[in-house]
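The structure appears below as structure tokens.
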Amino acid sequence: MEFLSIGKDVIRKDAWEKVTGRATYSADVSSPGILHGVLVTSTCAHGKIKSIDYVEASNMPGVKAVLTGDYYPILTGSVLEDHPPLAAGKVRYYGEPVAIVVARSEAEASAAATRIKVYYEKLPTVDSPSAAIKPDSPLVHEHLDQYKKAIPEVYPEANSNIVHLVKIRKGDMNQGWMDSDITVEGTYSLPYADHIAMETRSARAEILPDEQIVIHTSSQSPFAVRKLISQNFGVDLGKVVVHVPLVGGGYGGKAAVQLEYLAVMASQAVGGQPVMITNTREQDMAGSPSKLALEAIVKLGAKKNGTLTAGEYTFIVGTGAYADSGPRMTNSMAMSCTGPYKLDNVWCDAYCVYTNHTYATSFRGFGHTSCTFAVERTMDKLAALLNIDPLELRRKNAITPGETTPTQVVLTPSNLGDVPACLDKLKMLINWDEGVCIDMGNSRIRAKGVACLWKTSNSPTDAFASAVVTFNSDGSANLQVGAVEIGPSTRTTLAQILAERLRLDIDRIHIDMEVNTRTSPHDWKTVASMSTFLVGRAVEEAANDAIRQILSLAAMAIRCSPEDLALDSGRVYVKDNPNFYVDYATIVHGFKYPNGNTVGSQVIGRGTYVMPHLSPMDRETGKGKPGPYLTPGAQAVEIELNTADYTYRILKAATVLDAGKVLNPKSARGLVMGAMGMGLGLGSRESFIYDQQQELQNTSLRTYKVLRIGEQPEYLVNWVETPNAIGPYGARGLAEHGIIGIHAALVNALSRAAGVELDQVPVIPELIWEKIEESKP
Amino acid sequence: MIPFDFEYYLPGSVEHAIQQFQNLDQQGKNPMYYGGGTEIISMARMANISTGAVIDIKDIPQCKVLEFQEDHLVIGAGVTLTQIHESNLYPLLAQAGARVADHTIQNKITLGGNLCGTIIYREAVLPLLLADSEVVLAGPVGCKTLPINQIFKERMQLNKGEFIVQVRTLQSFLSCPYVHVKRTKEDKIHYPLLTICAIQVGNQVRTAFSGVCDFPFRSQEMESELNNSSLTVEQRVDNAITITPGLIPSNLEGSAGYRKFILRNLLISILYTLEA
């Protein structure tokens, strides 16, 4: 049967409200009596809080309460409980919330916030991930060993800045080095940066007279918010309700729980009245969690013909001042450390360390974006040493079914996809064969760079999602799921899956854009490019459940066996005579016989799906199955460098992903383009800049630059479709993947054009100049 | 959100504006003249400035002119960078203004506002310094017209209560051969790593700079080096960049070393262009 919805450019369900400006986000909703909380944040990166003077602020007009760290001293964290939502005793990063002013209006709260004086005694700072692991480094957390673990698989080291260490031990490294004819090593560094979602974070909380806590927030993880608020405020889980409307971009940054704690505390302080806290752009950048930093050393061994024999990876992951999901992302880098290459001998030590910078949380790619840079730059160095075409070297070593991942998962066509096919398509797409470095004359050099990628999720082994489908008397269906619409059209894709299963036109599937933890079925989190898979499977099951009911009702109406019936276009028909049918509308609210007798009533389908066969990584070897399947891909970038002043233009960026099955081509293409744009921003300009005291210097979009419209290159996107046997209609996740290898491809191209090794990002023209100056004798 | 309340005045004449300033000042309201508001709004939002009243000069007829008056091009202080760009009456100024911030902001930024801004780059002043423009000022003691090269020393040297009404530029300068170059850290829309404006008047090259020091400037000393025809272009440029009127800064936009590298390259190319 031909697809009705799958593989079609279905217009997103939220399109009209978005393009007309009617869409509402967390901070758009106001109500009479709502109070406003404004944060006072630290101007010191590491220091003892000597005193906070808030007498004047408390007496300002409209001020209802001022809270500081001793108001409700709790320690929070989804991996390690190390984080007081309001700094207590000391501050650990510039921008850390130290007080909340609650007032009748945002203006009054803001005015009072400027009158609060915080006195710090500065402490020596931890400036970088590598500085953090030096034996004599200052400590960001003095009592690391006393923190409670929120999950068992985190291994902090007492009296150090090391939150977590994960190891991969696969094969025999001695053998690997012995088998190699050549080794190559590179050292890389990637700075802290930010998500810059268009919508800044906003949370509103109120505590009802019966102790129910009601929260409205811009979050990717409403069910995690509910759980953590329940735990930290001692309220029954069912008494916490979390509402999440449309979210204006998350990129992982809204998976963390931060403002929700502060809003609940603020509401507590004013007798449960509703309090809204909305970040300014500056607070969203400096105060709320950001992208991790990485320092990496990658050493590869290979035979003369290019075959890889050994890979050794040392990752020092900066998670900033608090752990948040840093340890999980460190696992994520370790488990994917080789990239999609066949390597029998693998050694990896990945440290997650504290530094005195804005703490890190998940960021599109979940660590892969950073470690892939180190791996793919090293692959280019190896190609240069061996004088092998860099794309050819990757093609030669591309991992294939039958091989194993660094965590020793055996690969199949279904769980891996087709890496060589991605490279072959990419080669055509970027016109690789015209030459990878062309002198255009007039101080212009055009160069291409390539990189490979792969990623699976790294979820809890029991992560699951559910779905409920109910029917209306007109035969249309309503879908309820817990996945948040953070931008990638997830809820529309899920509606497509349901439409296809039910053989209904997509316009007859209704889905709201808000999630409400009390009425929406559970979903782990809207993260890890997993929603289409995890929730999609639950939707399929809910559809199957509904179909069983529909067939049984139709069998009664048509008076035959359900096995003799089939569905299409909103009808149930007899297989051998499609003209003999009943409409859904006739049966989904029960079937009424001519004499008035009625059988059945509303059809309600339910479905749920849990991550299959996952297991945690072994502490000594890393062995385990962290994710259900991989999505691999290959990317390329073409640039033009001006060798007179080292400015450059990004001409083309190309991605080929093995998508399994593309469910909505235009939204998928948009997602991959957006991801490429984001990665090119990180590769070319985005980073947090800190001064000697680790105080953030570029705290606004005036100086923290992201790629603008006129700076976007031509985007090329193509697909390989190797079915994922367990994915809905064979699909693989693809929401993050377009970012993962793109800055490696960019910098590979720039290094080639400039003739110097560029081993850090962002590559600004001055960096190229500096490296060229350094390379001069 | 701006965390304080302030009053807004829109006077219809120069005299009225001056009077309002004095009244508001006497009331202790720390008044500010208001052009496009881009700096006042963004700094007030961050609580970096505070004022009890702003006096918007954009409704004063003299501040709105953009026209030739006899042999002068007269531009009111309230004219926006976009209007200047679209009129193209002074092509070099049009071009320099079109590279300040982004288009949306250029719709707001006024000529007077850019000249008086606190952000150190004030790129619109460069073409005026080169063309020996005159500035019409109004203040408590009346109006006066001064050469910009006299009143602009690192920044506009205004007395309390004074504001710029107009800028007057001799028509003969508007058609001089010119070069405008702006280099940033990376993005098209950003503060300058450095901006250079140059014109050729007779056989003399005039140059003005933003980003080279912590203030925009035109330097007679550097110009005489650059016009020293007994030396090669490269020698002239090397001499000129050793006598900048202040230290070449290292900041978020770039290091002093990189600035020097770009400055040298650009000056060499400008001299070759203009002398060709």
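Chain lettering (A, B, ...) mirrors the order of the structure tokens, residue numbering begins at 1 for each chain separately, and ligand numbering begins at 1 in order of display.
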
Using only C-alpha atoms, I'd like a table of the residues in chain B that come within 8 Å of chain A; for each, show the closest atom pair and its distance in Å rounded to one decimal, ordered by chain and ascending number, as CSV.
residue,atom,partner,partner_atom,distance
B:Met1,CA,A:Ala107,CA,6.7
B:Ile2,CA,A:Ala107,CA,7.0
B:Pro3,CA,A:Ala111,CA,4.7
B:Phe4,CA,A:Ala111,CA,6.4
B:Ala47,CA,A:Thr114,CA,7.4
B:Lys185,CA,A:Ile764,CA,7.0
B:Glu186,CA,A:Ile764,CA,6.2
B:Asp187,CA,A:Lys705,CA,7.5
B:His190,CA,A:Arg702,CA,7.4
B:Leu252,CA,A:Thr703,CA,7.8
B:Gly254,CA,A:Glu766,CA,7.2
B:Tyr258,CA,A:Glu766,CA,6.4
B:Ile262,CA,A:Asp645,CA,6.7
B:Asn265,CA,A:Asp645,CA,7.9

Could you pull out the helix (DSSP H, G or I) residues of stretch 162-342 of chain A from DSSP and send them as a short mmCIF file (atom, residue, chain, number, x, y, z; two decimals) with N, CA and C atoms, in the first residue's frame?
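Contents of part.cif, as written:
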data_model
loop_
_atom_site.label_atom_id
_atom_site.label_comp_id
_atom_site.auth_asym_id
_atom_site.auth_seq_id
_atom_site.Cartn_x
_atom_site.Cartn_y
_atom_site.Cartn_z
N MET A 173 46.09 -2.93 23.14
CA MET A 173 46.76 -1.73 22.62
C MET A 173 48.19 -2.03 22.17
N ASN A 174 48.91 -2.90 22.92
CA ASN A 174 50.28 -3.22 22.52
C ASN A 174 50.30 -3.80 21.12
N GLN A 175 49.35 -4.70 20.89
CA GLN A 175 49.25 -5.32 19.57
C GLN A 175 48.94 -4.23 18.52
N GLY A 176 48.04 -3.35 18.88
CA GLY A 176 47.64 -2.28 17.96
C GLY A 176 48.82 -1.40 17.55
N TRP A 177 49.65 -1.03 18.52
CA TRP A 177 50.80 -0.18 18.19
C TRP A 177 51.83 -0.99 17.40
N MET A 178 51.99 -2.28 17.77
CA MET A 178 52.96 -3.12 17.04
C MET A 178 52.55 -3.28 15.58
N ASP A 179 51.25 -3.40 15.37
CA ASP A 179 50.76 -3.59 13.99
C ASP A 179 50.85 -2.32 13.15
N PRO A 222 9.59 17.98 30.99
CA PRO A 222 8.56 18.26 32.00
C PRO A 222 8.44 17.18 33.06
N PHE A 223 8.64 15.93 32.68
CA PHE A 223 8.48 14.85 33.66
C PHE A 223 9.66 14.80 34.62
N ALA A 224 10.83 15.21 34.15
CA ALA A 224 11.99 15.30 35.05
C ALA A 224 11.83 16.48 35.99
N VAL A 225 11.26 17.59 35.49
CA VAL A 225 10.99 18.74 36.36
C VAL A 225 10.06 18.28 37.49
N ARG A 226 9.00 17.56 37.13
CA ARG A 226 8.04 17.12 38.13
C ARG A 226 8.72 16.25 39.19
N LYS A 227 9.55 15.31 38.74
CA LYS A 227 10.21 14.40 39.67
C LYS A 227 11.16 15.15 40.60
N LEU A 228 11.97 16.04 40.02
CA LEU A 228 12.98 16.72 40.83
C LEU A 228 12.35 17.74 41.78
N ILE A 229 11.29 18.39 41.35
CA ILE A 229 10.60 19.34 42.25
C ILE A 229 9.97 18.54 43.39
N SER A 230 9.35 17.43 43.06
CA SER A 230 8.73 16.59 44.09
C SER A 230 9.79 16.15 45.11
N GLN A 231 10.92 15.66 44.63
CA GLN A 231 11.99 15.20 45.54
C GLN A 231 12.54 16.34 46.40
N ASN A 232 12.81 17.46 45.76
CA ASN A 232 13.52 18.52 46.48
C ASN A 232 12.64 19.37 47.37
N PHE A 233 11.33 19.34 47.13
CA PHE A 233 10.45 20.13 47.98
C PHE A 233 9.53 19.25 48.82
N LEU A 237 4.67 13.32 44.22
CA LEU A 237 4.86 13.49 42.77
C LEU A 237 3.56 13.92 42.08
N GLY A 238 2.48 13.29 42.42
CA GLY A 238 1.20 13.58 41.76
C GLY A 238 0.68 14.96 42.06
N LYS A 239 1.22 15.58 43.11
CA LYS A 239 0.77 16.93 43.46
C LYS A 239 1.55 18.01 42.73
N LEU A 259 15.65 27.21 36.59
CA LEU A 259 14.74 28.29 37.01
C LEU A 259 13.52 27.73 37.74
N GLU A 260 13.16 26.47 37.45
CA GLU A 260 11.99 25.88 38.10
C GLU A 260 12.19 25.83 39.62
N TYR A 261 13.41 25.45 40.06
CA TYR A 261 13.70 25.44 41.50
C TYR A 261 13.53 26.85 42.08
N LEU A 262 14.11 27.82 41.35
CA LEU A 262 14.11 29.19 41.86
C LEU A 262 12.68 29.75 41.92
N ALA A 263 11.87 29.41 40.92
CA ALA A 263 10.49 29.92 40.90
C ALA A 263 9.68 29.31 42.05
N VAL A 264 9.89 28.03 42.33
CA VAL A 264 9.16 27.40 43.44
C VAL A 264 9.60 28.01 44.77
N MET A 265 10.90 28.22 44.94
CA MET A 265 11.40 28.86 46.17
C MET A 265 10.79 30.26 46.32
N ALA A 266 10.76 30.98 45.21
CA ALA A 266 10.24 32.35 45.26
C ALA A 266 8.76 32.34 45.62
N SER A 267 8.02 31.39 45.07
CA SER A 267 6.59 31.30 45.38
C SER A 267 6.39 30.94 46.85
N GLN A 268 7.22 30.02 47.35
CA GLN A 268 7.19 29.66 48.77
C GLN A 268 7.32 30.90 49.65
N ALA A 269 8.24 31.78 49.23
CA ALA A 269 8.56 32.94 50.06
C ALA A 269 7.43 33.97 50.10
N ARG A 281 18.46 37.89 28.04
CA ARG A 281 19.43 37.19 27.18
C ARG A 281 20.77 37.05 27.91
N GLU A 282 21.18 38.10 28.60
CA GLU A 282 22.47 38.08 29.28
C GLU A 282 22.48 37.03 30.38
N GLN A 283 21.38 36.95 31.15
CA GLN A 283 21.31 35.93 32.20
C GLN A 283 21.24 34.53 31.61
N ASP A 284 20.53 34.42 30.49
CA ASP A 284 20.41 33.12 29.86
C ASP A 284 21.78 32.60 29.42
N MET A 285 22.63 33.53 28.98
CA MET A 285 23.97 33.13 28.54
C MET A 285 24.88 32.84 29.72
N ALA A 286 24.97 33.79 30.66
CA ALA A 286 25.98 33.67 31.72
C ALA A 286 25.49 32.80 32.87
N GLY A 326 27.11 16.74 32.73
CA GLY A 326 28.49 16.60 32.25
C GLY A 326 28.99 15.16 32.29
N PRO A 327 28.78 14.43 33.41
CA PRO A 327 29.26 13.04 33.43
C PRO A 327 28.61 12.17 32.36
N ARG A 328 27.33 12.39 32.09
CA ARG A 328 26.67 11.60 31.04
C ARG A 328 27.26 11.91 29.67
N MET A 329 27.55 13.19 29.44
CA MET A 329 28.13 13.54 28.14
C MET A 329 29.55 12.99 28.01
N THR A 330 30.24 12.88 29.16
CA THR A 330 31.58 12.29 29.14
C THR A 330 31.48 10.81 28.75
N ASN A 331 30.49 10.12 29.31
CA ASN A 331 30.24 8.73 28.87
C ASN A 331 29.99 8.68 27.37
N SER A 332 29.21 9.66 26.94
CA SER A 332 28.79 9.69 25.55
C SER A 332 29.99 9.82 24.60
N MET A 333 30.93 10.69 24.98
CA MET A 333 32.13 10.85 24.16
C MET A 333 32.96 9.57 24.16
N ALA A 334 33.08 8.96 25.33
CA ALA A 334 33.90 7.75 25.42
C ALA A 334 33.29 6.63 24.57
N MET A 335 31.98 6.48 24.65
CA MET A 335 31.36 5.35 23.95
C MET A 335 31.42 5.50 22.43
#

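Listed by chain and then by rising number, the residues of stretch 339-440 of chain A that DSSP assigns to strand (DSSP E or B) from the backbone are Tyr341, Val346, Trp347, Cys348, Asp349, Ala350, Tyr351, Cys352, Val353, Ala360, Ala398, Thr404, Val410, Cys437, Ile438, Asp439 and Met440 of chain A.
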
Export of prior selection with N, CA and C atoms as a CSV table (one decimal), in the first residue's frame:
chain,number,residue,atom,x,y,z
A,341,TYR,N,34.6,4.2,12.7
A,341,TYR,CA,35.7,3.6,12.0
A,341,TYR,C,36.0,2.2,12.7
A,346,VAL,N,41.3,-0.2,21.3
A,346,VAL,CA,40.8,1.1,21.7
A,346,VAL,C,41.1,1.4,23.1
A,347,TRP,N,41.6,2.5,23.5
A,347,TRP,CA,41.9,2.9,24.9
A,347,TRP,C,41.4,4.3,25.0
A,348,CYS,N,40.5,4.6,26.0
A,348,CYS,CA,40.0,5.9,26.2
A,348,CYS,C,39.9,6.2,27.7
A,349,ASP,N,40.4,7.3,28.1
A,349,ASP,CA,40.1,7.8,29.5
A,349,ASP,C,39.4,9.2,29.3
A,350,ALA,N,38.2,9.3,29.8
A,350,ALA,CA,37.5,10.5,29.7
A,350,ALA,C,37.2,11.0,31.0
A,351,TYR,N,37.7,12.2,31.4
A,351,TYR,CA,37.5,12.8,32.7
A,351,TYR,C,36.5,13.9,32.5
A,352,CYS,N,35.6,14.0,33.5
A,352,CYS,CA,34.7,15.2,33.6
A,352,CYS,C,35.1,16.0,34.8
A,353,VAL,N,35.5,17.3,34.6
A,353,VAL,CA,36.1,18.1,35.6
A,353,VAL,C,35.3,19.4,35.8
A,360,ALA,N,27.8,23.3,32.6
A,360,ALA,CA,27.4,22.8,31.3
A,360,ALA,C,26.2,21.9,31.4
A,398,ALA,N,35.9,2.9,7.2
A,398,ALA,CA,34.5,3.0,7.6
A,398,ALA,C,34.1,1.7,8.3
A,404,THR,N,32.5,-4.2,16.0
A,404,THR,CA,31.9,-3.8,17.2
A,404,THR,C,32.3,-2.3,17.5
A,410,VAL,N,27.8,-5.4,19.0
A,410,VAL,CA,28.0,-6.0,17.7
A,410,VAL,C,27.1,-5.3,16.7
A,437,CYS,N,41.8,21.4,-2.9
A,437,CYS,CA,42.5,22.7,-2.6
A,437,CYS,C,42.8,23.4,-3.9
A,438,ILE,N,42.1,24.4,-4.3
A,438,ILE,CA,42.3,25.0,-5.6
A,438,ILE,C,42.7,26.5,-5.4
A,439,ASP,N,43.8,26.9,-6.1
A,439,ASP,CA,44.3,28.3,-6.0
A,439,ASP,C,43.5,29.0,-7.1
A,440,MET,N,42.7,30.0,-6.6
A,440,MET,CA,41.8,30.7,-7.5
A,440,MET,C,42.5,32.0,-8.0

- Task: Considering only C-alpha atoms, return as a ChimeraX atom specification whatever protein or nucleic-acid residues lie within 8 Å of B:Gly211, sequence-local ones (same chain, fewer than 4 positions apart) excluded.
- Result: /B:121,192-195,215-216

Expected file: the selected residues, C-alpha atoms, as a short mmCIF file (atom, residue, chain, number, x, y, z; two decimals), in the first residue's frame:
data_model
loop_
_atom_site.label_atom_id
_atom_site.label_comp_id
_atom_site.auth_asym_id
_atom_site.auth_seq_id
_atom_site.Cartn_x
_atom_site.Cartn_y
_atom_site.Cartn_z
CA TYR B 121 34.03 53.58 17.57
CA PRO B 192 35.38 47.42 13.89
CA LEU B 193 38.66 45.66 14.35
CA LEU B 194 39.49 48.77 12.41
CA THR B 195 37.76 51.11 10.01
CA PHE B 215 39.04 56.62 20.00
CA PRO B 216 38.45 57.65 16.38
#

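Closest to B:Asn159 among B:Ala138, B:Leu267, B:Ala198, B:Val100 is B:Ala138, based on only C-alpha atoms.
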
- Item | Selection: 10 Å around stretch 129-133 of chain A, only C-alpha atoms, excl. self and same-chain fewer than 5 positions, as an NGL selection string | :A and (138-140 or 160-162 or 189 or 191 or 293-296 or 315-320 or 351-356)

- Message: I need the residue nearest B:Cys176 from this list: B:Arg155, B:Lys188, B:Arg236, B:Arg206. Use only C-alpha atoms for the distance.
- Response: B:Arg206

- Query: Contacts of stretch 237-248 of chain B at 7 Å or less, counting only C-alpha atoms, minus same-chain residues fewer than 3 places along, as a PyMOL selection string?
  - Reply: chain B and resi 212-213+222+225-226+233-234+256+264+267-268

- Message: Need the shell around B:Asp59: protein/DNA/RNA residues with any atom at most 7 Å away, counting only C-alpha atoms. Skip same-chain ones fewer than 2 positions apart. Format as a list of chain:residue names?
- Response: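 Residues meeting the cut-off are B:Leu10, B:Pro11, B:Gly12, B:Ile57, B:Pro61.
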